[in-house]
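Next comes protein_11.txt, a file with compact mmCIF, C-alpha atoms.
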```txt
# COMPACT_ATOMS: atom_id res chain seq x y z
CA MET A 1 -13.38 -15.43 12.56
CA GLY A 2 -9.61 -15.01 12.97
CA MET A 3 -7.55 -15.32 16.12
CA VAL A 4 -7.25 -11.52 16.22
CA GLU A 5 -9.76 -9.05 14.79
CA LEU A 6 -9.65 -5.27 14.71
CA GLU A 7 -12.90 -3.66 13.58
CA GLY A 8 -12.96 0.02 12.64
CA VAL A 9 -10.22 0.99 15.10
CA THR A 10 -9.48 4.70 15.37
CA LYS A 11 -6.89 6.33 17.62
CA SER A 12 -5.72 9.91 18.14
CA TYR A 13 -3.16 11.47 20.43
CA GLY A 14 -4.41 15.01 20.94
CA LYS A 15 -4.93 16.49 17.48
CA ASN A 16 -2.77 13.81 15.82
CA ARG A 17 -4.96 11.11 14.24
CA VAL A 18 -2.78 7.98 14.18
CA LEU A 19 -5.25 5.30 13.03
CA GLU A 20 -8.21 5.93 10.73
CA GLY A 21 -10.82 3.24 11.29
CA ILE A 22 -8.58 0.30 10.43
CA SER A 23 -9.72 -3.32 10.27
CA LEU A 24 -7.43 -6.32 10.46
CA SER A 25 -7.72 -10.09 10.82
CA ALA A 26 -4.94 -12.51 11.78
CA GLU A 27 -5.78 -16.19 11.39
CA LYS A 28 -4.79 -18.91 13.85
CA ASN A 29 -1.05 -19.76 13.54
CA GLU A 30 -0.56 -17.00 10.95
CA PHE A 31 2.56 -14.82 10.87
CA LEU A 32 1.22 -11.36 10.05
CA VAL A 33 3.52 -8.37 9.57
CA VAL A 34 2.33 -4.78 9.95
CA LEU A 35 4.70 -2.82 7.72
CA GLY A 36 5.14 0.92 7.52
CA ALA A 37 7.55 3.82 7.82
CA SER A 38 8.42 5.27 11.22
CA GLY A 39 5.56 7.18 12.83
CA GLU A 40 2.78 5.49 10.86
CA GLY A 41 1.14 3.86 13.91
CA LYS A 42 2.53 0.31 13.90
CA SER A 43 3.37 0.25 17.60
CA THR A 44 -0.01 1.78 18.41
CA ILE A 45 -1.71 -1.17 16.71
CA LEU A 46 0.27 -3.66 18.82
CA ASN A 47 -0.41 -1.69 21.99
CA ILE A 48 -4.13 -1.63 21.25
CA ILE A 49 -4.16 -5.40 20.67
CA SER A 50 -2.24 -5.98 23.90
CA GLY A 51 -4.46 -3.63 25.89
CA VAL A 52 -1.73 -1.15 26.82
CA VAL A 53 -3.56 1.49 24.76
CA ARG A 54 -7.31 1.75 24.26
CA PRO A 55 -8.87 2.74 20.91
CA ASP A 56 -11.07 5.83 20.61
CA LYS A 57 -13.48 3.84 18.43
CA GLY A 58 -13.78 0.27 17.21
CA ARG A 59 -13.47 -3.22 18.66
CA VAL A 60 -10.65 -5.64 19.45
CA ILE A 61 -11.49 -9.34 19.40
CA ILE A 62 -9.07 -12.11 20.46
CA ASP A 63 -10.00 -15.75 19.95
CA GLY A 64 -13.67 -14.87 19.55
CA GLU A 65 -13.86 -12.70 22.70
CA VAL A 66 -14.35 -8.93 22.61
CA VAL A 67 -11.51 -7.60 24.77
CA ASP A 68 -12.13 -3.90 24.03
CA ASP A 69 -15.13 -2.18 22.47
CA SER A 70 -13.77 1.36 23.12
CA GLY A 71 -16.48 1.62 25.75
CA LYS A 72 -17.28 -0.30 28.92
CA THR A 73 -15.88 -3.63 27.75
CA TYR A 74 -12.16 -3.79 28.52
CA ILE A 75 -10.01 -6.76 29.47
CA PRO A 76 -6.60 -5.65 30.83
CA PRO A 77 -3.29 -6.80 29.28
CA GLU A 78 -2.48 -9.38 31.95
CA LYS A 79 -5.71 -11.25 31.19
CA ARG A 80 -5.36 -11.35 27.39
CA ASP A 81 -2.88 -14.26 27.24
CA ILE A 82 -0.43 -12.40 25.01
CA GLY A 83 3.36 -12.57 24.73
CA TYR A 84 5.02 -9.26 23.80
CA VAL A 85 8.58 -8.76 22.52
CA PHE A 86 9.43 -5.06 22.74
CA GLN A 87 11.84 -3.22 20.47
CA ASN A 88 14.40 -2.82 23.27
CA TYR A 89 13.53 -6.32 24.62
CA ALA A 90 12.76 -4.85 28.09
CA LEU A 91 14.80 -7.48 29.92
CA TYR A 92 15.30 -7.00 33.65
CA PRO A 93 18.99 -6.02 33.92
CA HIS A 94 19.46 -7.37 37.46
CA MET A 95 18.10 -10.83 36.57
CA THR A 96 19.83 -13.70 34.79
CA ALA A 97 18.48 -14.95 31.47
CA PHE A 98 16.91 -17.87 33.34
CA ASP A 99 15.09 -15.58 35.75
CA ASN A 100 13.95 -13.27 32.95
CA ILE A 101 12.40 -16.20 31.11
CA ALA A 102 10.94 -17.64 34.32
CA PHE A 103 9.38 -14.36 35.41
CA PRO A 104 5.90 -14.76 33.78
CA LEU A 105 5.66 -18.34 35.08
CA ARG A 106 6.51 -17.31 38.61
CA MET A 107 3.94 -14.53 38.37
CA ARG A 108 1.40 -17.30 37.73
CA LYS A 109 2.76 -19.04 40.83
CA LEU A 110 3.66 -22.26 39.03
CA PRO A 111 5.64 -24.83 41.02
CA GLU A 112 9.39 -24.24 40.72
CA ASN A 113 10.01 -27.66 39.18
CA GLU A 114 7.49 -26.82 36.42
CA VAL A 115 9.13 -23.40 35.94
CA LYS A 116 12.56 -25.00 35.52
CA LYS A 117 11.22 -27.62 33.11
CA ARG A 118 9.57 -25.04 30.85
CA VAL A 119 12.50 -22.61 30.90
CA LEU A 120 14.98 -25.34 29.97
CA GLU A 121 12.71 -26.59 27.16
CA VAL A 122 12.30 -23.18 25.54
CA ALA A 123 15.99 -22.33 26.07
CA GLU A 124 16.99 -25.53 24.29
CA MET A 125 14.63 -24.71 21.44
CA LEU A 126 16.18 -21.25 21.07
CA ARG A 127 19.75 -22.48 21.64
CA ILE A 128 20.43 -20.26 24.65
CA SER A 129 20.84 -22.96 27.31
CA HIS A 130 24.52 -22.06 27.71
CA VAL A 131 23.78 -18.43 28.69
CA LEU A 132 20.96 -18.93 31.20
CA ASP A 133 23.22 -17.82 34.06
CA HIS A 134 24.21 -14.60 32.23
CA LYS A 135 22.67 -11.20 32.82
CA PRO A 136 21.47 -9.11 29.82
CA SER A 137 24.62 -6.94 29.81
CA GLN A 138 26.66 -10.11 29.21
CA LEU A 139 24.60 -11.18 26.19
CA SER A 140 24.92 -10.29 22.52
CA GLY A 141 22.05 -8.56 20.74
CA GLY A 142 20.95 -11.84 19.17
CA GLN A 143 21.05 -13.62 22.53
CA GLN A 144 19.03 -10.83 24.18
CA GLN A 145 16.44 -11.13 21.44
CA ARG A 146 16.16 -14.88 21.97
CA VAL A 147 15.78 -14.43 25.72
CA ALA A 148 13.00 -11.89 25.08
CA VAL A 149 11.26 -14.30 22.70
CA ALA A 150 11.69 -17.14 25.19
CA ARG A 151 10.10 -15.05 27.94
CA ALA A 152 7.19 -14.20 25.63
CA ILE A 153 6.44 -17.78 24.54
CA VAL A 154 7.31 -19.77 27.68
CA LYS A 155 3.82 -19.19 29.05
CA GLU A 156 2.39 -20.60 25.78
CA PRO A 157 0.25 -17.57 24.91
CA LYS A 158 -2.52 -17.48 22.31
CA LEU A 159 -0.81 -14.59 20.58
CA LEU A 160 2.74 -13.26 20.15
CA LEU A 161 3.31 -9.56 19.42
CA MET A 162 6.74 -8.27 18.32
CA ASP A 163 7.71 -4.63 17.82
CA GLU A 164 10.78 -4.15 15.56
CA PRO A 165 12.44 -7.21 17.17
CA PHE A 166 15.56 -7.20 14.95
CA SER A 167 16.48 -3.52 15.16
CA ASN A 168 19.21 -4.10 17.79
CA ILE A 169 20.80 -7.09 16.09
CA ASP A 170 23.94 -6.84 13.99
CA PRO A 171 22.95 -6.76 10.29
CA ALA A 172 25.19 -9.75 9.56
CA LEU A 173 23.11 -11.90 11.92
CA ARG A 174 19.62 -10.68 11.07
CA ALA A 175 18.92 -13.09 8.22
CA SER A 176 19.78 -16.18 10.26
CA VAL A 177 17.92 -14.93 13.36
CA ARG A 178 14.85 -14.11 11.24
CA TRP A 179 14.82 -17.62 9.81
CA GLU A 180 15.21 -19.23 13.23
CA LEU A 181 12.35 -17.14 14.62
CA LYS A 182 10.00 -18.03 11.77
CA VAL A 183 10.75 -21.74 12.15
CA LEU A 184 10.21 -21.47 15.90
CA VAL A 185 6.81 -19.75 15.89
CA LYS A 186 5.55 -22.11 13.20
CA LYS A 187 6.77 -25.11 15.21
CA VAL A 188 5.18 -23.85 18.42
CA GLY A 189 2.01 -22.84 16.57
CA ILE A 190 1.54 -19.31 17.92
CA THR A 191 -0.33 -16.62 16.00
CA THR A 192 2.24 -13.85 15.54
CA ILE A 193 1.86 -10.18 14.66
CA MET A 194 5.07 -8.25 14.08
CA ALA A 195 5.56 -4.55 13.40
CA THR A 196 8.50 -3.40 11.28
CA HIS A 197 9.61 -0.64 8.94
CA ASP A 198 11.91 -3.04 7.07
CA GLN A 199 10.30 -4.39 3.90
CA GLU A 200 12.94 -7.14 3.59
CA GLU A 201 11.96 -8.46 7.03
CA ALA A 202 8.29 -8.31 6.08
CA MET A 203 8.80 -10.14 2.80
CA SER A 204 10.94 -12.89 4.32
CA LEU A 205 8.78 -13.59 7.39
CA ALA A 206 5.15 -12.85 6.66
CA ASP A 207 2.34 -15.09 5.54
CA ARG A 208 0.57 -11.81 4.89
CA VAL A 209 1.68 -8.17 5.00
CA ALA A 210 -0.53 -5.26 6.09
CA LEU A 211 1.06 -2.10 4.68
CA LEU A 212 0.19 0.95 6.78
CA ARG A 213 0.27 4.54 5.58
CA LYS A 214 -1.30 7.64 7.10
CA GLY A 215 -3.32 5.59 9.54
CA ARG A 216 -4.83 3.22 6.96
CA PHE A 217 -3.94 -0.14 5.46
CA ILE A 218 -3.35 0.51 1.78
CA GLN A 219 -2.62 -3.10 0.82
CA TYR A 220 -3.10 -6.32 2.75
CA ASP A 221 -2.02 -9.55 1.07
CA ALA A 222 0.65 -12.23 0.67
CA PRO A 223 4.13 -10.72 0.15
CA GLU A 224 4.51 -12.07 -3.39
CA LYS A 225 1.14 -10.64 -4.43
CA ILE A 226 2.01 -7.20 -3.10
CA TYR A 227 5.37 -7.37 -4.89
CA GLU A 228 3.87 -8.47 -8.20
CA HIS A 229 0.70 -6.37 -8.05
CA PRO A 230 1.20 -3.19 -5.99
CA VAL A 231 -1.98 -1.13 -5.75
CA ASN A 232 -0.20 2.19 -6.24
CA ALA A 233 3.17 3.88 -6.77
CA TYR A 234 3.88 4.19 -3.04
CA VAL A 235 3.55 0.43 -2.52
CA ALA A 236 5.63 -0.25 -5.62
CA GLU A 237 8.50 1.86 -4.29
CA PHE A 238 8.20 0.74 -0.66
CA ILE A 239 8.05 -2.98 -1.43
CA GLY A 240 11.05 -3.96 -3.50
CA GLY A 241 12.33 -0.52 -4.44
CA MET A 242 10.72 -0.12 -7.83
CA ASN A 243 11.92 2.77 -9.99
CA VAL A 244 8.85 5.00 -10.29
CA LEU A 245 9.42 7.82 -12.78
CA PRO A 246 7.43 10.65 -14.36
CA LEU A 247 6.17 10.18 -17.89
CA ASN A 248 6.76 12.92 -20.44
CA ASP A 249 6.16 13.07 -24.16
CA ARG A 250 9.76 12.07 -24.96
CA LEU A 251 9.61 8.96 -22.76
CA ALA A 252 6.14 8.08 -24.03
CA GLY A 253 7.50 8.19 -27.59
CA ILE A 254 10.47 5.98 -26.69
CA LEU A 255 8.24 3.42 -24.97
CA GLN A 256 6.01 3.15 -28.02
CA GLU A 257 8.81 3.13 -30.60
CA GLN A 258 11.29 0.88 -28.77
CA LEU A 259 9.05 -1.35 -26.67
CA GLY A 260 5.74 -1.23 -28.51
CA VAL A 261 3.93 0.09 -25.42
CA LYS A 262 1.53 2.99 -25.87
CA VAL A 263 0.92 5.34 -22.95
CA SER A 264 -2.77 5.82 -22.20
CA THR A 265 -4.45 9.10 -21.36
CA GLY A 266 -4.21 9.87 -17.66
CA GLU A 267 -1.09 7.79 -17.00
CA LYS A 268 1.42 10.07 -15.32
CA LEU A 269 4.04 7.66 -13.93
CA PHE A 270 5.70 4.45 -15.02
CA GLY A 271 7.88 2.01 -13.15
CA PHE A 272 10.17 -0.98 -13.46
CA ARG A 273 12.15 -3.01 -10.97
CA PRO A 274 15.97 -3.01 -11.08
CA GLU A 275 16.05 -6.82 -11.16
CA HIS A 276 13.63 -6.98 -14.11
CA THR A 277 15.91 -5.00 -16.41
CA ALA A 278 18.23 -6.32 -19.10
CA ILE A 279 20.89 -4.46 -21.09
CA SER A 280 20.13 -4.60 -24.80
CA ASP A 281 22.03 -3.81 -27.96
CA ALA A 282 18.97 -3.93 -30.20
CA ARG A 283 16.23 -1.91 -28.50
CA GLY A 284 15.26 -0.33 -25.22
CA ILE A 285 15.34 2.94 -23.31
CA PRO A 286 18.59 4.90 -23.82
CA VAL A 287 20.24 5.86 -20.52
CA ARG A 288 23.55 7.27 -19.32
CA VAL A 289 25.36 5.37 -16.56
CA LEU A 290 26.09 7.70 -13.64
CA GLY A 291 27.93 5.19 -11.47
CA GLY A 292 27.75 1.80 -9.86
CA GLU A 293 28.86 -0.45 -7.06
CA PHE A 294 29.70 -4.13 -6.79
CA ARG A 295 27.39 -6.20 -4.54
CA GLY A 296 29.00 -9.62 -4.92
CA GLU A 297 26.42 -11.43 -7.03
CA LYS A 298 25.58 -8.33 -9.08
CA TRP A 299 26.47 -4.77 -10.00
CA VAL A 300 24.04 -2.01 -9.04
CA TYR A 301 24.05 0.97 -11.40
CA VAL A 302 22.45 4.38 -11.17
CA VAL A 303 21.33 5.58 -14.60
CA ASP A 304 19.98 8.84 -16.01
CA LEU A 305 16.90 8.66 -18.23
CA GLY A 306 16.82 12.41 -18.77
CA LEU A 307 14.22 12.94 -16.04
CA ASP A 308 14.26 14.75 -12.72
CA ARG A 309 15.30 11.59 -10.87
CA PRO A 310 17.69 8.71 -11.67
CA ALA A 311 16.89 4.99 -11.68
CA LYS A 312 18.65 1.83 -10.51
CA ILE A 313 19.33 -1.28 -12.54
CA PHE A 314 21.09 -4.57 -11.76
CA SER A 315 23.63 -6.17 -14.07
CA GLN A 316 25.91 -9.20 -13.99
CA SER A 317 28.61 -7.36 -15.93
CA ARG A 318 30.64 -4.24 -15.28
CA ILE A 319 29.77 -1.01 -17.12
CA GLN A 320 31.88 2.12 -17.16
CA ALA A 321 30.44 5.40 -15.91
CA ASP A 322 29.32 7.95 -18.53
CA THR A 323 28.53 5.11 -20.93
CA THR A 324 25.26 5.31 -22.86
CA ILE A 325 23.40 1.99 -22.98
CA ARG A 326 19.90 0.71 -23.68
CA ILE A 327 17.88 -0.91 -20.92
CA LEU A 328 15.02 -3.30 -21.59
CA PRO A 329 12.56 -3.65 -18.69
CA ARG A 330 10.83 -7.03 -18.84
CA ARG A 331 7.79 -5.59 -17.10
CA LEU A 332 6.42 -2.04 -16.99
CA TYR A 333 3.97 -0.65 -14.44
CA PHE A 334 1.81 2.39 -15.15
CA PHE A 335 0.16 4.70 -12.63
CA GLY A 336 -2.61 7.26 -13.00
CA GLU A 337 -3.00 10.81 -11.73
CA ASP A 338 -3.89 9.54 -8.23
CA GLU A 339 -0.81 7.24 -8.41
CA SER A 340 -2.96 4.10 -8.41
CA THR A 341 -1.78 1.25 -10.64
CA THR A 342 -3.55 1.29 -13.98
CA ARG A 343 -1.88 -1.67 -15.72
CA ILE A 344 1.14 -3.95 -15.98
CA GLU A 345 2.77 -4.58 -19.36
CA GLU A 346 4.95 -7.61 -20.04
CA ILE A 347 7.76 -6.82 -22.53
CA VAL A 348 8.71 -9.61 -24.92
```
Go ahead and express the file in the form of structure tokens.
Amino acid sequence: MGMVELEGVTKSYGKNRVLEGISLSAEKNEFLVVLGASGEGKSTILNIISGVVRPDKGRVIIDGEVVDDSGKTYIPPEKRDIGYVFQNYALYPHMTAFDNIAFPLRMRKLPENEVKKRVLEVAEMLRISHVLDHKPSQLSGGQQQRVAVARAIVKEPKLLLMDEPFSNIDPALRASVRWELKVLVKKVGITTIMATHDQEEAMSLADRVALLRKGRFIQYDAPEKIYEHPVNAYVAEFIGGMNVLPLNDRLAGILQEQLGVKVSTGEKLFGFRPEHTAISDARGIPVRVLGGEFRGEKWVYVVDLGLDRPAKIFSQSRIQADTTIRILPRRLYFFGEDESTTRIEEIV
């Protein structure tokens, strides 16, 4: 049994069904990311685990103990031994960083010398010792986030929950802050469940990703496995930005003639990733370059395949707009009428 288990959890708000009998398991010391677009129910999952919200059906189990069975069994949030980092950090504006971090320890009525010792230890770990006398309004977004994390972990909880913790941090700092956070929670050894809509955050942080759509987990695996083997077209586009395009007779003929790949009956979509595409003089899919932009290590081009939507490709060299070129995907994905993945073809 994992550190956290959800079994058949369902939740509605009025007539709006948010979660459809989901099940989830986070192992001890695992970093699990619940990924999904806005409004898919990510925060509801965290609130149910924390006890802030109760499920309509199903069970919540933490460290082998049933904390909510959607009936008579219910252990309130303050007794679940959970640290929670909210999207807006929820720091007390009238308190210093030190007092914000110390708050949960003082609520437990720990001796003040023990409070000071723990606060200084976690502040040193998070490199915020120099701002402990500052109030939240005097802190940067990254510093506020670290104070919120420090407050959540200073009481050494069994479980850490984080809801979109990087949304208020300057994009230029997010990568470094993400890395620091992952190193920290692994060092401390806390089971962590984070909710985010950002697939880059999920891929960089997670041991496993649970991708949520319409109240259900549609794929639940290691990031690299989801990237390499998406279960359907939605996952393929959401994780890594695959080009997913409609198949017509003209494209089917080009794929067979140029790439030696025959389209099977019932396959309605095909896809390829921008980074898996080479520009070829000999063979490939003919496209017209619509435009591009320089991204430092690569050029990103939008190309027209003669379909109702364009595609993106990456290139190391500059290409003029309105130029016709051939692109050679190294890997093609095919999807059936229900948009589930039917096969993956390696192009040699």
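Take CA of His134 (chain A) and CA of Met95 (chain A): the distance between them is 8.4 Å.
Within the 12 Å cut-off around Ala175 (chain A), using all atoms listed in the file and omitting residues fewer than 6 positions from it on the same chain, the listed residues are Gly142, Phe166, Ile169, Leu181, Lys182, Glu200, Glu201, Ala202, Met203, Ser204 and Leu205 of chain A.
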(message) Which residues are close to region 40-52 of chain A, i.e. within 8 Å by all atoms listed in the file, leaving aside same-chain residues fewer than 5 positions away? Reply as a PyMOL selection string.
(response) chain A and resi 18-19+34-35+60+68+75-77+80+82+84+161-163+193+195-196+212-215
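Distance check against Arg151 (chain A) using all atoms listed in the file: of A:Arg318, A:Arg106, A:Lys72, A:Arg288, the minimum falls on A:Arg106.
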Counting only C-alpha atoms, which residues of region 233-289 of chain A sit at most 12 Å from some atom of region 302-306 of chain A, and what is each one's closest atom pair with its distance in Å to one decimal, listed by chain and rising residue number, as a Markdown table?
```
| residue | atom | partner | partner_atom | distance |
| --- | --- | --- | --- | --- |
| A:Asn243 | CA | A:Val302 | CA | 10.7 |
| A:Val244 | CA | A:Leu305 | CA | 11.9 |
| A:Leu245 | CA | A:Leu305 | CA | 9.3 |
| A:Pro246 | CA | A:Leu305 | CA | 10.4 |
| A:Leu247 | CA | A:Leu305 | CA | 10.8 |
| A:Asn248 | CA | A:Gly306 | CA | 10.2 |
| A:Asp249 | CA | A:Gly306 | CA | 12.0 |
| A:Arg250 | CA | A:Gly306 | CA | 9.4 |
| A:Leu251 | CA | A:Leu305 | CA | 8.6 |
| A:Ile254 | CA | A:Leu305 | CA | 11.0 |
| A:Pro274 | CA | A:Val302 | CA | 9.8 |
| A:Ile279 | CA | A:Val303 | CA | 12.0 |
| A:Gly284 | CA | A:Leu305 | CA | 11.5 |
| A:Ile285 | CA | A:Leu305 | CA | 7.8 |
| A:Pro286 | CA | A:Leu305 | CA | 6.9 |
| A:Val287 | CA | A:Leu305 | CA | 4.9 |
| A:Arg288 | CA | A:Asp304 | CA | 5.1 |
| A:Val289 | CA | A:Val303 | CA | 4.5 |
```
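Compared by their closest atoms to Phe31 (chain A), and using all atoms listed in the file, the residues A:Asp56, A:Glu267, A:Glu297, A:Asp207 rank with A:Asp207 nearest.
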Where atoms are lacking, region 215-231 of chain A completed to N, CA, C and O atoms, as a JSON list (two decimals), keeping the file's coordinate frame:
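Result file follows (selection-v7.json):
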```json
[["chain", "number", "residue", "atom", "x", "y", "z"],
["A", 215, "GLY", "N", -2.27, 6.11, 8.69],
["A", 215, "GLY", "CA", -3.32, 5.59, 9.54],
["A", 215, "GLY", "C", -4.26, 4.61, 8.89],
["A", 215, "GLY", "O", -5.26, 4.20, 9.50],
["A", 216, "ARG", "N", -3.96, 4.17, 7.66],
["A", 216, "ARG", "CA", -4.83, 3.22, 6.96],
["A", 216, "ARG", "C", -3.98, 2.12, 6.34],
["A", 216, "ARG", "O", -2.83, 2.33, 5.98],
["A", 217, "PHE", "N", -4.59, 0.94, 6.19],
["A", 217, "PHE", "CA", -3.94, -0.14, 5.46],
["A", 217, "PHE", "C", -4.21, 0.07, 3.97],
["A", 217, "PHE", "O", -5.37, 0.08, 3.54],
["A", 218, "ILE", "N", -3.15, 0.25, 3.21],
["A", 218, "ILE", "CA", -3.35, 0.51, 1.78],
["A", 218, "ILE", "C", -3.23, -0.75, 0.94],
["A", 218, "ILE", "O", -3.70, -0.77, -0.20],
["A", 219, "GLN", "N", -2.60, -1.80, 1.48],
["A", 219, "GLN", "CA", -2.62, -3.10, 0.82],
["A", 219, "GLN", "C", -2.37, -4.17, 1.87],
["A", 219, "GLN", "O", -1.56, -3.99, 2.78],
["A", 220, "TYR", "N", -3.08, -5.29, 1.72],
["A", 220, "TYR", "CA", -3.10, -6.32, 2.75],
["A", 220, "TYR", "C", -3.19, -7.66, 2.05],
["A", 220, "TYR", "O", -4.25, -8.08, 1.62],
["A", 221, "ASP", "N", -2.02, -8.33, 1.89],
["A", 221, "ASP", "CA", -2.02, -9.55, 1.07],
["A", 221, "ASP", "C", -0.74, -10.33, 1.32],
["A", 221, "ASP", "O", 0.13, -9.91, 2.10],
["A", 222, "ALA", "N", -0.59, -11.45, 0.62],
["A", 222, "ALA", "CA", 0.65, -12.23, 0.67],
["A", 222, "ALA", "C", 1.79, -11.40, 0.10],
["A", 222, "ALA", "O", 1.57, -10.60, -0.83],
["A", 223, "PRO", "N", 3.01, -11.54, 0.62],
["A", 223, "PRO", "CA", 4.13, -10.72, 0.15],
["A", 223, "PRO", "C", 4.34, -10.76, -1.36],
["A", 223, "PRO", "O", 4.55, -9.72, -2.00],
["A", 224, "GLU", "N", 4.26, -11.97, -1.94],
["A", 224, "GLU", "CA", 4.51, -12.07, -3.39],
["A", 224, "GLU", "C", 3.44, -11.36, -4.21],
["A", 224, "GLU", "O", 3.72, -10.82, -5.28],
["A", 225, "LYS", "N", 2.21, -11.33, -3.71],
["A", 225, "LYS", "CA", 1.14, -10.64, -4.43],
["A", 225, "LYS", "C", 1.31, -9.13, -4.37],
["A", 225, "LYS", "O", 1.05, -8.43, -5.35],
["A", 226, "ILE", "N", 1.75, -8.64, -3.22],
["A", 226, "ILE", "CA", 2.01, -7.20, -3.10],
["A", 226, "ILE", "C", 3.18, -6.81, -4.00],
["A", 226, "ILE", "O", 3.14, -5.76, -4.67],
["A", 227, "TYR", "N", 4.20, -7.64, -4.05],
["A", 227, "TYR", "CA", 5.37, -7.37, -4.89],
["A", 227, "TYR", "C", 4.98, -7.36, -6.37],
["A", 227, "TYR", "O", 5.38, -6.47, -7.12],
["A", 228, "GLU", "N", 4.22, -8.35, -6.79],
["A", 228, "GLU", "CA", 3.87, -8.47, -8.20],
["A", 228, "GLU", "C", 2.77, -7.49, -8.63],
["A", 228, "GLU", "O", 2.76, -7.02, -9.76],
["A", 229, "HIS", "N", 1.85, -7.19, -7.69],
["A", 229, "HIS", "CA", 0.70, -6.37, -8.05],
["A", 229, "HIS", "C", 0.47, -5.26, -7.02],
["A", 229, "HIS", "O", -0.54, -5.26, -6.30],
["A", 230, "PRO", "N", 1.39, -4.31, -6.92],
["A", 230, "PRO", "CA", 1.20, -3.19, -5.99],
["A", 230, "PRO", "C", 0.00, -2.35, -6.41],
["A", 230, "PRO", "O", -0.24, -2.14, -7.59],
["A", 231, "VAL", "N", -0.76, -1.88, -5.42],
["A", 231, "VAL", "CA", -1.98, -1.13, -5.75],
["A", 231, "VAL", "C", -1.68, 0.29, -6.20],
["A", 231, "VAL", "O", -2.50, 0.91, -6.87]]
```
